[in-house]
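Okay, so here's the structure we're looking at.
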Amino acid sequence: MKIETTRFGTIDVTKDKIIKMPSGMLGFPDQKRFVVLQHKENSPFFWYQSVDDPALAFVITNPFLFKPDYQVDLKHTLKEMSWNGDGNNGHLELYIVVNIPKGSPDAMTGNLIGPILINNKVRQAIQVIVADSPYTHKFPLLKEQS
């Protein structure tokens with residue numbers, strides 16, 4: 001299927017690559033279909049592109065590349081999404097949304113309290129809200145952590 005995007009023009013995506021988000025993303029509850037696109041070859045960043053809104057795309061990345069000790073309790077989320085049993089067999093991927101300030105890519109941050117959990121087996125995703133967390137929504141990705 002062809003989807004229109006403002007960043008990449010018209011792209012061809014097979015239906016089996018579309019990820020459904022029953023609750024949408026925070027602030028975008030009506031956007032329920034996304035696709036993960038490679039940013040550049042060998043880049044740790046991806047685009048989480050809306051299938052239905054050409055202008056809506058989030059930069060995402062694997063949080064463990066920037067915070068190896070990152071921990072999120074996903075038991076409640078797995079149960080809520082009826083994904084029990086899918087946690088230990090490689091079907092789940094966790095991403096964080098990246099914010100890159102205009103003109104200051106070195107000041108990019110990652111949202112560690114709102115990760116996106118994707119189940120590739122059923123092609124569904126949910127944005128998890130991590131309550132009572134030591135993490136921040138503005139974790140500096142390129143700075144030394146003290």
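FYI, nothing fancy with the structure tokens labels: chains A, B, ... in order, residues from 1 per chain, ligands from 1 as they appear.
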Write out as a ChimeraX atom specification the set of residues from range 1-133 of chain A that DSSP, computed on the backbone, places in helix (DSSP H, G or I). /A:15-17,63-65,75-80,105-107
Residues as selected, C-alpha atoms, written as a CSV table (one decimal), in the first residue's frame, can you do that?
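Saved as again-v1.csv:
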```
chain,number,residue,atom,x,y,z
A,15,LYS,CA,0.2,-4.2,5.1
A,16,ASP,CA,2.1,-6.6,7.4
A,17,LYS,CA,4.4,-3.8,8.4
A,63,PRO,CA,16.7,3.1,25.0
A,64,PHE,CA,19.3,0.5,26.0
A,65,LEU,CA,21.8,2.0,23.5
A,75,LYS,CA,3.8,-7.0,33.4
A,76,HIS,CA,0.7,-4.8,33.6
A,77,THR,CA,1.0,-3.6,30.0
A,78,LEU,CA,1.4,-7.2,28.7
A,79,LYS,CA,-1.8,-8.2,30.6
A,80,GLU,CA,-3.7,-5.1,29.5
A,105,PRO,CA,21.1,17.9,17.6
A,106,ASP,CA,23.7,17.5,20.4
A,107,ALA,CA,21.0,18.5,22.9
```
Skip range 1-7 of chain A itself and residues of its chain fewer than 5 positions away, then list as a ChimeraX atom specification all residues within 6 Å of it, counting only C-alpha atoms. /A:12-14,54-55
Using N, CA and C atoms, can you export the residues from the last selection as an mmCIF file, in the first residue's frame?
```cif
data_model
loop_
_atom_site.group_PDB
_atom_site.id
_atom_site.type_symbol
_atom_site.label_atom_id
_atom_site.label_comp_id
_atom_site.auth_asym_id
_atom_site.auth_seq_id
_atom_site.Cartn_x
_atom_site.Cartn_y
_atom_site.Cartn_z
ATOM 1 N N ASP A 12 6.043 3.016 -0.283
ATOM 2 C CA ASP A 12 5.321 1.754 -0.414
ATOM 3 C C ASP A 12 5.553 0.932 0.853
ATOM 4 N N VAL A 13 4.473 0.543 1.505
ATOM 5 C CA VAL A 13 4.561 -0.234 2.732
ATOM 6 C C VAL A 13 3.631 -1.433 2.598
ATOM 7 N N THR A 14 4.148 -2.607 2.908
ATOM 8 C CA THR A 14 3.274 -3.780 2.879
ATOM 9 C C THR A 14 2.395 -3.759 4.123
ATOM 10 N N PRO A 54 0.160 12.365 7.073
ATOM 11 C CA PRO A 54 1.463 12.481 6.415
ATOM 12 C C PRO A 54 2.488 13.294 7.206
ATOM 13 N N ALA A 55 2.033 14.236 8.028
ATOM 14 C CA ALA A 55 2.949 15.121 8.739
ATOM 15 C C ALA A 55 3.372 14.588 10.108
#
```
Might you pull out every residue within 8 Å of range 27-41 of chain A, with only C-alpha atoms counted and same-chain residues fewer than 4 positions away left off, and present them as number ranges by chain? A: 17-23, 45-53
Atoms to include: C-alpha atoms. Write the selected residues as a CSV table (one decimal), in the first residue's frame.
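As a result, out-v4.csv now contains:
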```csv
chain,number,residue,atom,x,y,z
A,17,LYS,CA,4.4,-3.8,8.4
A,18,ILE,CA,1.6,-1.6,9.8
A,19,ILE,CA,1.5,-1.4,13.6
A,20,LYS,CA,-1.9,-0.7,15.2
A,21,MET,CA,-2.0,1.4,18.4
A,22,PRO,CA,-5.5,0.9,20.0
A,23,SER,CA,-4.9,4.0,22.2
A,45,PHE,CA,17.3,6.1,15.0
A,46,PHE,CA,14.1,5.2,13.3
A,47,TRP,CA,11.0,7.1,12.2
A,48,TYR,CA,7.6,6.1,13.7
A,49,GLN,CA,5.5,7.4,10.8
A,50,SER,CA,1.7,7.7,11.0
A,51,VAL,CA,0.0,5.9,8.1
A,52,ASP,CA,-3.0,8.3,8.2
A,53,ASP,CA,-1.4,11.7,8.9
```
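Pairwise distance (CA of Ala131 in chain A, CA of Lys143 in chain A) equals 24.6 Å.
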Residue neighbourhood Leu26 in chain A, 12 Å, only C-alpha atoms, exclusion window fewer than 6 positions, as a PyMOL selection string: chain A and resi 32+58+97+111+113-116+126-129
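Here CA of Pro44 in chain A is placed at a distance of 6.0 Å from CA of Thr61 in chain A.
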From the list A:Ile60, A:Met25, A:Val130, A:Leu74, which residue is nearest Val98 in chain A when using only C-alpha atoms?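 Ranked by minimum distance to Val98 in chain A, first place goes to A:Ile60.
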